[in-house]
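Participant: Input: one structure, supplied below.
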Amino acid sequence: NAGVMQNPRHLVRRRGQEARLRCSPMKGHSHVYWYRQLPEEGLKFMVYLQKENIIDESGMPKERFSAEFPKEGPSILRIQQVVRGDSAAYFCASSRFPVPDTQYFGPGTRLTVL
Amino acid sequence: AQKVTQAQTEISVVEKEDVTLDCVYETRDTTYYLFWYKQPPSGELVFLIRRNSFDEQNEISGRYSWNFQKSTSSFNFTITASQVVDSAVYFCALPNSGGYNKLIFGAGTRLAVHP
C-alpha cells in the first residue's frame with residue numbers, strides 16, 4: 001500500500017513566480033491536510049480538505065495561497081507570486097477518517113524562492 | 001487553547017544510553033489523543049504512536065516506550081539503548097479542540113546519538 005506521495009520533492013522558484021505542490025493521499029484516504037515547516041521550526045497547519053471541499057483553511061495566508069482537492073486527481077497547494085518568506089518545507093498528510101484518526105505524512109516538498 | 005510544549009530543544013547522547021524526550025500539553029478537552037512523530041535527517045515525517053486519554057497504561061514497542069501521565073499533562077517518550085539511527089527531530093502533537101480539524105505540534109526535540 002503506497003504511502004502519501006508528494007511532488008515535486010524540491011522546487012526552486014524566482015520571486016513572483018507560481019508554485020504548484022501536489023499531494024496524492026494514501027489509498028482509501030479522503031481527508032487531506034497541508035502543513036508548513038519553516039526552517040528550524042515545528043509544523044504549522046494550513047488547510048484541511050475533503051474531496052471537492054475545503055473544510056478548514058484557518059492556517060492559510062489570506063493572499064496568494066489556495067488549495068484544492070478535486071474529485072479526480074491529487075490535492076494541489078498553489079502559491080502565487082512567491083516571495084522569499086515562502087521558502088519552507090510543505091507537508092501533506094492524509095487520513096481515512098477525520099482527526100483524531102492518525103495522519104500519515106508524505107515526504108514533503110522543499111520550496112526555495114530565489 | 002491547545003498547546004504542546006517540548007522544552008528540550010536539543011539532546012545529545014552517546015550510543016546505548018537511554019534518553020527521555022519530554023512533552024507537556026494543555027487541553028480543554030476531557031477526552032483527547034496524543035501523537036509522536038519522528039523526522040529523520042532525510043526529512044520525512046514518520047508516525048510513531050497515537051494514544052487516547054482513556055488509557056494511561058504505558059506503551060512499549062521494542063526500544064521505544066511512552067509514559068502518559070494525565071495528572072501532570074505529560075506524554076514522555078523514552079528510547080532505551082539509543083542507536084545512531086535514532087538521531088532525528090521528534091515531535092509531539094495533539095488535535096485542536098472542538099472541530100478536530102488539525103494537529104497542533106510542539107516545536108520538536110532534536111536528538112543526536114553519537115557513536
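A note on labels: chains of the C-alpha cells are A, B, ... as shown, every chain counts residues from 1, and ligands are counted from 1 in their shown order.
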Dump as number ranges by chain the residues of chain A that approach chain B to within 7 Å, counting only C-alpha atoms.
Facilitator: A: 41-43, 45, 48, 56, 99-100, 104-108
Participant: Report as a list of chain:residue names all protein, DNA and RNA residues lying within 8 Å of Trp66 in chain B, evaluated on only C-alpha atoms, omitting residues in the same chain fewer than 2 positions from it.
Facilitator: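 Here the qualifying residues turn out to be B:Asn58, B:Glu59, B:Ile60, B:Tyr64, B:Phe68, B:Phe75, B:Asn76, B:Phe77, B:Thr78.
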Participant: Please give the complete set of residues from chain B that DSSP, run on the backbone, assigns to strand (DSSP E), formatted as a VMD selection string.
Facilitator: chain B and resid 3 to 5 10 to 14 19 to 21 24 to 26 33 to 39 46 to 52 59 to 61 64 to 69 74 to 79 88 to 95 103 to 105 109 to 114
Participant: Please provide the set of residues having any atom within 12 Å of Phe91 in chain A, restricted to only C-alpha atoms, with same-chain residues fewer than 3 positions apart removed, written as JSON, numbers by chain.
Facilitator: {"A": [4, 5, 6, 7, 8, 9, 10, 21, 22, 23, 24, 25, 32, 33, 34, 35, 36, 37, 38, 42, 43, 44, 45, 46, 47, 75, 76, 77, 88, 94, 103, 104, 105, 106, 107, 108, 109, 110, 111], "B": [39, 43, 44, 45, 46]}
Participant: Please produce a file of those selected residues containing C-alpha atoms, as a PDB file, in the first residue's frame.
Facilitator:
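Produced file selection-v9.pdb, reproduced below:
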ATOM      1  CA  VAL A   4       1.289   9.586   0.741  1.00  0.00           C
ATOM      2  CA  MET A   5       3.005  10.885  -2.359  1.00  0.00           C
ATOM      3  CA  GLN A   6       4.140  14.425  -2.933  1.00  0.00           C
ATOM      4  CA  ASN A   7       5.777  16.000  -5.916  1.00  0.00           C
ATOM      5  CA  PRO A   8       7.986  17.614  -6.658  1.00  0.00           C
ATOM      6  CA  ARG A   9      10.319  16.852  -3.769  1.00  0.00           C
ATOM      7  CA  HIS A  10      12.281  20.013  -4.415  1.00  0.00           C
ATOM      8  CA  LEU A  21       2.649  21.429  -4.986  1.00  0.00           C
ATOM      9  CA  ARG A  22       0.877  18.116  -5.469  1.00  0.00           C
ATOM     10  CA  CYS A  23      -0.252  15.509  -2.987  1.00  0.00           C
ATOM     11  CA  SER A  24      -1.766  12.083  -3.596  1.00  0.00           C
ATOM     12  CA  PRO A  25      -3.225  10.635  -0.397  1.00  0.00           C
ATOM     13  CA  VAL A  32      -6.047  15.684   3.249  1.00  0.00           C
ATOM     14  CA  TYR A  33      -4.143  18.213   5.347  1.00  0.00           C
ATOM     15  CA  TRP A  34      -1.357  20.628   4.391  1.00  0.00           C
ATOM     16  CA  TYR A  35       1.252  21.822   6.898  1.00  0.00           C
ATOM     17  CA  ARG A  36       4.192  24.176   6.522  1.00  0.00           C
ATOM     18  CA  GLN A  37       7.530  23.820   8.270  1.00  0.00           C
ATOM     19  CA  LEU A  38       9.742  26.871   8.321  1.00  0.00           C
ATOM     20  CA  GLY A  42       7.679  22.809  14.013  1.00  0.00           C
ATOM     21  CA  LEU A  43       4.827  22.136  11.665  1.00  0.00           C
ATOM     22  CA  LYS A  44       2.015  24.629  11.296  1.00  0.00           C
ATOM     23  CA  PHE A  45      -1.388  23.679   9.942  1.00  0.00           C
ATOM     24  CA  MET A  46      -2.501  25.380   6.761  1.00  0.00           C
ATOM     25  CA  VAL A  47      -5.632  23.730   5.364  1.00  0.00           C
ATOM     26  CA  SER A  75      -4.671  17.739  -3.992  1.00  0.00           C
ATOM     27  CA  ILE A  76      -2.902  20.920  -5.105  1.00  0.00           C
ATOM     28  CA  LEU A  77      -1.421  23.671  -2.964  1.00  0.00           C
ATOM     29  CA  ALA A  88       9.838  26.210   3.565  1.00  0.00           C
ATOM     30  CA  SER A  94      -3.887  12.071   4.780  1.00  0.00           C
ATOM     31  CA  GLN A 103      -2.473  11.362   9.850  1.00  0.00           C
ATOM     32  CA  TYR A 104       0.203   9.850   7.621  1.00  0.00           C
ATOM     33  CA  PHE A 105       2.604  12.291   6.077  1.00  0.00           C
ATOM     34  CA  GLY A 106       4.205  12.500   2.676  1.00  0.00           C
ATOM     35  CA  PRO A 107       7.927  13.192   2.193  1.00  0.00           C
ATOM     36  CA  GLY A 108       7.323  16.904   1.776  1.00  0.00           C
ATOM     37  CA  THR A 109       8.145  19.454  -0.904  1.00  0.00           C
ATOM     38  CA  ARG A 110      11.059  21.756  -0.205  1.00  0.00           C
ATOM     39  CA  LEU A 111      10.336  25.112  -1.801  1.00  0.00           C
TER      40      LEU A 111
ATOM     41  CA  GLN B  39      11.621  13.370  11.420  1.00  0.00           C
ATOM     42  CA  GLY B  43      13.172  14.975   6.175  1.00  0.00           C
ATOM     43  CA  GLU B  44      10.070  12.833   6.024  1.00  0.00           C
ATOM     44  CA  LEU B  45       7.679  12.547   8.976  1.00  0.00           C
ATOM     45  CA  VAL B  46       7.193   9.091  10.412  1.00  0.00           C
TER      46      VAL B  46
END
Participant: Using only C-alpha atoms, find the one residue out of A:Ser95, A:Gln80, A:Ser87, A:Ser58 that sits nearest to His29 in chain A.
Facilitator: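 Checking each of A:Ser95, A:Gln80, A:Ser87, A:Ser58 against His29 in chain A, counting only C-alpha atoms, the winner is A:Ser95.
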